[in-house]
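A.B. asks: Data: protein-v6.txt, compact mmCIF, C-alpha atoms and all ligand atoms.
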# COMPACT_ATOMS: atom_id res chain seq x y z
CA MET A 1075 -3.78 8.75 -20.75
CA ASN A 1076 -6.00 5.70 -20.20
CA LYS A 1077 -8.21 5.77 -17.13
CA TYR A 1078 -10.22 2.65 -16.46
CA ILE A 1079 -12.46 1.23 -13.80
CA ILE A 1080 -12.69 -2.55 -13.50
CA CYS A 1081 -15.68 -4.12 -11.81
CA GLY A 1082 -17.45 -7.42 -11.35
CA PRO A 1083 -18.44 -9.70 -8.49
CA GLN A 1084 -16.01 -11.50 -6.21
CA GLY A 1085 -14.31 -14.23 -8.22
CA SER A 1086 -14.71 -12.50 -11.59
CA GLY A 1087 -10.94 -12.05 -12.03
CA LYS A 1088 -10.75 -8.25 -11.48
CA GLY A 1089 -7.38 -8.44 -9.72
CA THR A 1090 -5.88 -10.74 -12.35
CA GLN A 1091 -7.09 -8.70 -15.33
CA SER A 1092 -6.06 -5.41 -13.67
CA ARG A 1093 -2.54 -6.73 -13.14
CA LEU A 1094 -2.24 -7.96 -16.74
CA LEU A 1095 -3.56 -4.68 -18.12
CA CYS A 1096 -1.15 -2.67 -15.97
CA GLU A 1097 1.89 -4.87 -16.74
CA THR A 1098 1.33 -4.73 -20.50
CA HIS A 1099 0.27 -1.10 -20.86
CA ASP A 1100 2.29 0.67 -18.18
CA LEU A 1101 -0.75 1.59 -16.15
CA VAL A 1102 -0.90 1.94 -12.37
CA HIS A 1103 -3.09 -0.57 -10.50
CA VAL A 1104 -5.09 1.25 -7.85
CA SER A 1105 -6.78 -1.35 -5.63
CA ILE A 1106 -8.78 0.25 -2.85
CA GLY A 1107 -9.04 -3.08 -1.00
CA ASP A 1108 -5.21 -3.33 -1.00
CA ILE A 1109 -4.87 0.21 0.35
CA LEU A 1110 -7.40 -0.48 3.11
CA ARG A 1111 -5.61 -3.74 4.00
CA TRP A 1112 -2.31 -1.82 4.14
CA HIS A 1113 -3.87 0.47 6.76
CA MET A 1114 -5.01 -2.53 8.78
CA ALA A 1115 -1.59 -4.20 8.57
CA HIS A 1116 0.05 -0.96 9.77
CA HIS A 1117 -2.49 -0.25 12.50
CA THR A 1118 -3.07 3.28 11.28
CA LYS A 1119 -5.69 5.62 12.67
CA LEU A 1120 -7.91 4.73 9.74
CA ALA A 1121 -7.52 1.02 10.53
CA ALA A 1122 -9.30 1.54 13.83
CA ARG A 1123 -12.35 2.77 11.92
CA ILE A 1124 -12.44 0.11 9.21
CA THR A 1125 -11.14 -3.21 10.58
CA ARG A 1126 -14.39 -4.48 12.06
CA ILE A 1127 -16.39 -3.38 9.01
CA MET A 1128 -14.00 -4.95 6.52
CA ASN A 1129 -13.62 -8.20 8.41
CA SER A 1130 -17.40 -8.60 8.50
CA GLY A 1131 -17.58 -8.21 4.70
CA GLN A 1132 -19.52 -4.94 4.75
CA LEU A 1133 -18.65 -1.92 2.66
CA VAL A 1134 -16.61 0.82 4.33
CA PRO A 1135 -18.55 4.14 4.48
CA ASP A 1136 -18.44 6.22 1.30
CA GLU A 1137 -16.73 9.27 2.82
CA ILE A 1138 -13.81 7.12 4.03
CA VAL A 1139 -13.17 5.44 0.69
CA ASP A 1140 -13.77 8.67 -1.25
CA ASN A 1141 -10.97 10.24 0.81
CA VAL A 1142 -8.67 7.28 0.21
CA VAL A 1143 -9.30 7.58 -3.55
CA ARG A 1144 -8.79 11.35 -3.54
CA GLU A 1145 -5.45 10.98 -1.76
CA ARG A 1146 -4.32 8.06 -3.94
CA LEU A 1147 -5.25 9.59 -7.31
CA GLY A 1148 -3.90 12.93 -6.08
CA LEU A 1149 -0.38 11.42 -6.09
CA HIS A 1150 -0.40 11.63 -9.92
CA ASP A 1151 2.16 8.85 -10.21
CA TYR A 1152 0.55 7.51 -13.39
CA ASN A 1153 1.98 8.84 -16.65
CA TYR A 1154 -0.01 6.55 -18.90
CA GLY A 1155 -3.09 6.04 -16.78
CA PHE A 1156 -4.56 3.77 -14.14
CA VAL A 1157 -6.91 0.88 -13.50
CA LEU A 1158 -9.18 1.56 -10.57
CA ASP A 1159 -10.07 -1.78 -8.97
CA GLY A 1160 -12.76 -2.02 -6.28
CA TYR A 1161 -14.06 1.53 -6.59
CA PRO A 1162 -16.72 2.85 -7.03
CA ARG A 1163 -18.92 0.32 -5.26
CA THR A 1164 -21.95 2.52 -4.58
CA LEU A 1165 -23.83 5.15 -6.56
CA PRO A 1166 -22.63 8.05 -4.32
CA GLN A 1167 -19.02 6.85 -4.82
CA ALA A 1168 -19.57 6.82 -8.60
CA GLN A 1169 -20.99 10.33 -8.44
CA TYR A 1170 -18.02 11.53 -6.40
CA LEU A 1171 -15.57 9.95 -8.83
CA PHE A 1172 -17.16 11.36 -11.98
CA GLU A 1173 -17.44 14.84 -10.44
CA ASN A 1174 -13.68 14.88 -9.87
CA TRP A 1175 -12.01 12.66 -12.50
CA ASP A 1176 -12.54 11.63 -16.10
CA VAL A 1177 -12.86 7.93 -16.75
CA ASP A 1178 -12.49 6.53 -20.26
CA ARG A 1179 -14.04 3.11 -19.86
CA VAL A 1180 -15.55 0.80 -17.26
CA ILE A 1181 -14.65 -2.87 -17.77
CA TYR A 1182 -17.31 -5.18 -16.38
CA LEU A 1183 -16.30 -8.82 -15.98
CA ASP A 1184 -19.57 -10.67 -16.23
CA ILE A 1185 -19.93 -14.07 -14.60
CA ALA A 1186 -23.11 -15.96 -13.75
CA ASP A 1187 -24.22 -15.98 -10.11
CA ASP A 1188 -23.75 -19.73 -9.66
CA ILE A 1189 -20.12 -19.46 -10.81
CA VAL A 1190 -19.58 -16.53 -8.43
CA PHE A 1191 -20.67 -18.68 -5.50
CA GLU A 1192 -18.65 -21.68 -6.66
CA ARG A 1193 -15.42 -19.67 -7.07
CA VAL A 1194 -15.84 -17.65 -3.92
CA LEU A 1195 -16.68 -20.61 -1.73
CA SER A 1196 -13.77 -22.61 -3.08
CA ARG A 1197 -11.49 -19.64 -2.34
CA ALA A 1198 -12.88 -19.61 1.19
CA LYS A 1199 -12.17 -23.32 1.54
CA MET A 1200 -8.61 -22.91 0.23
CA GLY A 1201 -8.07 -20.01 2.57
CA LEU A 1202 -9.31 -22.00 5.52
CA GLY A 1203 -7.46 -25.21 4.82
CA GLY A 1204 -4.83 -24.54 2.19
CA GLY A 1205 -2.15 -22.73 4.17
CA PHE A 1206 -2.19 -19.57 2.03
CA THR A 1207 -2.16 -16.10 3.54
CA LYS A 1208 -5.81 -15.91 4.38
CA ARG A 1209 -7.84 -12.73 4.16
CA ALA A 1210 -9.87 -12.14 7.29
CA ASP A 1211 -12.94 -11.59 5.09
CA ASP A 1212 -12.52 -14.86 3.15
CA ASN A 1213 -14.76 -16.93 5.35
CA PRO A 1214 -18.23 -18.13 4.38
CA GLU A 1215 -20.09 -15.61 6.60
CA ALA A 1216 -18.16 -12.54 5.43
CA LEU A 1217 -18.30 -13.74 1.83
CA LYS A 1218 -22.07 -13.96 2.01
CA VAL A 1219 -22.19 -10.37 3.28
CA ARG A 1220 -19.77 -9.22 0.56
CA LEU A 1221 -21.87 -10.80 -2.17
CA THR A 1222 -25.05 -9.27 -0.77
CA GLU A 1223 -23.34 -5.86 -0.71
CA TYR A 1224 -22.24 -6.41 -4.31
CA TYR A 1225 -25.70 -7.28 -5.63
CA GLU A 1226 -27.50 -4.59 -3.59
CA LYS A 1227 -25.11 -1.66 -3.92
CA THR A 1228 -22.48 -2.24 -6.59
CA LYS A 1229 -24.25 -4.01 -9.46
CA PRO A 1230 -26.90 -1.26 -9.81
CA VAL A 1231 -24.09 1.24 -10.55
CA LEU A 1232 -23.53 -0.52 -13.91
CA GLU A 1233 -26.63 1.21 -15.26
CA HIS A 1234 -25.01 4.57 -14.48
CA TYR A 1235 -21.94 3.65 -16.59
CA ASP A 1236 -24.12 2.29 -19.37
CA LYS A 1237 -26.06 5.58 -19.57
CA LYS A 1238 -22.75 7.39 -19.91
CA GLY A 1239 -21.86 5.06 -22.81
CA ILE A 1240 -18.57 3.94 -21.26
CA LEU A 1241 -19.46 0.40 -20.19
CA VAL A 1242 -17.56 -2.49 -21.78
CA THR A 1243 -18.80 -5.98 -20.85
CA VAL A 1244 -16.58 -9.05 -21.17
CA ASP A 1245 -17.49 -12.66 -20.39
CA GLY A 1246 -15.36 -13.39 -17.32
CA THR A 1247 -15.90 -17.15 -17.43
CA GLN A 1248 -13.47 -17.62 -20.34
CA PRO A 1249 -9.80 -18.60 -19.84
CA ILE A 1250 -7.70 -15.74 -18.43
CA ASN A 1251 -5.82 -14.99 -21.66
CA ASP A 1252 -9.04 -14.92 -23.68
CA VAL A 1253 -10.64 -12.51 -21.21
CA PHE A 1254 -7.52 -10.39 -21.44
CA GLY A 1255 -7.60 -10.44 -25.25
CA GLN A 1256 -11.20 -9.30 -25.30
CA VAL A 1257 -10.65 -6.61 -22.70
CA SER A 1258 -7.70 -5.25 -24.72
CA SER A 1259 -9.56 -5.29 -28.03
CA GLN A 1260 -12.72 -3.72 -26.59
CA LEU A 1261 -10.59 -0.94 -25.11
CA GLY A 1262 -8.89 -0.47 -28.47
CA LEU A 1263 -5.50 -1.38 -27.00
CA THR A 1264 -2.88 -3.38 -28.89
CA PRO A 1265 -3.32 -6.91 -27.55
CA LEU A 1266 0.19 -7.32 -26.12
CA VAL A 1267 1.28 -10.71 -24.83
CA PRO A 1268 1.48 -10.64 -21.02
CA PRO A 1269 5.12 -10.89 -19.82
CA PRO A 1270 6.11 -14.26 -18.27
CA GLU A 1271 6.39 -12.75 -14.78
CA ALA A 1272 2.81 -11.51 -15.03
CA VAL A 1273 1.63 -14.96 -16.08
CA ALA A 1274 3.71 -16.54 -13.29
CA ALA A 1275 2.03 -14.22 -10.82
CA LEU A 1276 -1.25 -15.82 -11.81
CA ASP A 1277 -0.12 -18.94 -9.92
CA ASP A 1278 -0.59 -16.87 -6.79
CA PRO A 1279 -3.84 -18.20 -5.32
CA HIS A 1280 -4.91 -14.67 -4.49
CA ALA A 1281 -4.26 -13.45 -8.04
CA ALA A 1282 -6.13 -16.15 -9.95
CA LEU A 1283 -9.13 -17.49 -8.19
CA PRO A 1284 -9.81 -21.21 -8.10
CA GLY A 1285 -12.38 -22.14 -10.66
CA ALA A 1286 -11.13 -19.57 -13.14
CA ALA A 1287 -9.95 -21.43 -16.23
CA HIS A 1288 -6.22 -20.97 -17.02
P1 LIG A 1301 -11.62 -6.03 -2.21
O1 LIG A 1301 -10.20 -6.35 -1.93
O2 LIG A 1301 -11.78 -5.11 -3.38
O3 LIG A 1301 -12.49 -7.25 -2.31
O4 LIG A 1301 -12.16 -5.19 -0.95
C1 LIG A 1301 -12.14 -5.77 0.33
C2 LIG A 1301 -13.02 -4.99 1.28
O5 LIG A 1301 -12.57 -3.63 1.35
C3 LIG A 1301 -14.48 -4.88 0.89
O6 LIG A 1301 -15.24 -6.02 1.28
C4 LIG A 1301 -14.89 -3.64 1.69
O7 LIG A 1301 -15.02 -3.92 3.06
C5 LIG A 1301 -13.66 -2.74 1.51
N1 LIG A 1301 -13.75 -1.92 0.30
C6 LIG A 1301 -12.94 -1.98 -0.79
N2 LIG A 1301 -13.31 -1.09 -1.71
C7 LIG A 1301 -14.41 -0.45 -1.20
C8 LIG A 1301 -15.28 0.56 -1.68
N3 LIG A 1301 -15.12 1.12 -2.88
N4 LIG A 1301 -16.30 0.96 -0.87
C9 LIG A 1301 -16.48 0.44 0.34
N5 LIG A 1301 -15.71 -0.54 0.85
C10 LIG A 1301 -14.68 -0.98 0.10
Please express what this file holds, its structure, as structure tokens.
C.D. replies:
Amino acid sequence: MNKYIICGPQGSGKGTQSRLLCETHDLVHVSIGDILRWHMAHHTKLAARITRIMNSGQLVPDEIVDNVVRERLGLHDYNYGFVLDGYPRTLPQAQYLFENWDVDRVIYLDIADDIVFERVLSRAKMGLGGGFTKRADDNPEALKVRLTEYYEKTKPVLEHYDKKGILVTVDGTQPINDVFGQVSSQLGLTPLVPPPEAVAALDDPHAALPGAAH
């Protein structure tokens, strides 16, 4: 079984690379952001606790996301493994994860700060004016908060993975297929060609961020 974490700042292509990896290697994509948004869309009890926090761009408290992850991974619906996208985002979350699950590799999509801002702000602009389904946290104010959270709380966790010897760093500024090729080879996976439907899905503005080379 292959158990991976994918991380990187907003606009690094985590969602896109997770989807390609899962499509080509039969892995299950576990996106914590998607699960939290599902709760908000369905007005669950949890939604009442997280909506304001998420819409402002802040991180949801550790104990809430740890529970979401425990319940989601506890379903054991992954025969070949999973890609955990958007978790852990703090050191306590990483500690919780490693106390309870084995992880084979952490894929870090590295992109320079100026490109992060360029991609993220252009996504915000598209969201505001482009007629796509807009995320409530894709506005300049919330994006600023999300980036600050990333640099203050999430980026420092990379050191933790590095010490464990499981960190794999890939240059996320390359074209999508090149990033995917490098991710696959660094994980020791056969570099399978992404199926056409997976590539077509990249036309989805929320799958492939503007500014990412195609
Ligand atoms: P994402 O879709 O991964 O960008 O996540 C969207 C939002 O969900 C984040 O800005 C946070 O508010 C919340 N969120 C997702 N994952 C986590 C996490 N691991 N810890 C705390 N908050 C999270």
A.B. asks: Counting only C-alpha atoms and all ligand atoms, which protein, DNA or RNA residues come within 9 Å of ligand LIG 1301 (chain A), given as a PyMOL selection string?
C.D. replies: chain A and resi 1083-1084+1088-1089+1105-1111+1124-1125+1127-1136+1138-1140+1143+1159-1164+1167+1211+1216-1217+1219-1221+1223-1224+1228
A.B. asks: Would you compute the distance between atom CA of A:Gly1148 and atom CA of A:Gln1169? Give it in Å to one decimal.
C.D. replies: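 It comes out at 17.4 Å.
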A.B. asks: Considering all atoms listed in the file, can you say which of A:Gly1262, A:Gly1085, A:Lys1227, A:Ile1079 comes closest to A:Glu1192?
C.D. replies: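 For A:Glu1192, the nearest of the given residues is A:Gly1085.
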A.B. asks: Between atom CA of A:Val1177 and atom CA of A:Thr1247, what is the distance in Å, rounded to a tenth?
C.D. replies: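 Distance between the two atoms: 25.3 Å.
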A.B. asks: Quick one: of A:Leu1183, A:Glu1233, A:Asn1141, A:Arg1146, who's nearest to A:Gln1256, counting all atoms listed in the file?
C.D. replies: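 For A:Gln1256, the nearest of the candidates is A:Leu1183.
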A.B. asks: In file coordinates, which residues lie within 10 Å of (-4.9, -4.6, -15.0) using all atoms listed in the file, given as an NGL selection string?
C.D. replies: :A and (1078-1080 or 1088-1104 or 1156-1159 or 1254 or 1257)
A.B. asks: Measuring between all atoms listed in the file, which one of A:Ser1086, A:Lys1237, A:Asn1076, A:Asp1252 shows the shortest distance to A:Asp1187?
C.D. replies: A:Ser1086
A.B. asks: What is the atom CA of A:Asp1236 to atom CA of A:Val1190 distance in Å?
C.D. replies: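 Computed distance, atom CA of A:Asp1236 to atom CA of A:Val1190, equals 22.2 Å.
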A.B. asks: Select, from A:Met1114, A:Ser1259, A:Ala1121, A:Leu1147, the residue with the minimum atom-to-atom distance to A:Arg1209, counting all atoms listed in the file.
C.D. replies: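 Counting all atoms listed in the file, the residue closest to A:Arg1209 is A:Met1114.
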A.B. asks: Quick one: residues within 10 Å of A:Gln1260, all atoms listed in the file counted, chain neighbours fewer than 4 positions away excluded, as number ranges by chain?
C.D. replies: A: 1179, 1181, 1242-1244, 1254-1256, 1265
A.B. asks: For each of A:Ala1122, A:Trp1175, A:Pro1166, A:Ile1250, take the minimum atom-to-atom distance to A:His1150, counting all atoms listed in the file, then give the residue where this is smallest.
C.D. replies: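 Selected residue with least distance to A:His1150: A:Trp1175.
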A.B. asks: Please determine, counting only C-alpha atoms, which residue among A:Ile1185, A:Arg1123, A:Arg1193, A:Ala1210 has the shortest atom-to-atom distance to A:Gln1248.
C.D. replies: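 Among the listed residues, A:Ile1185 lies closest to A:Gln1248.
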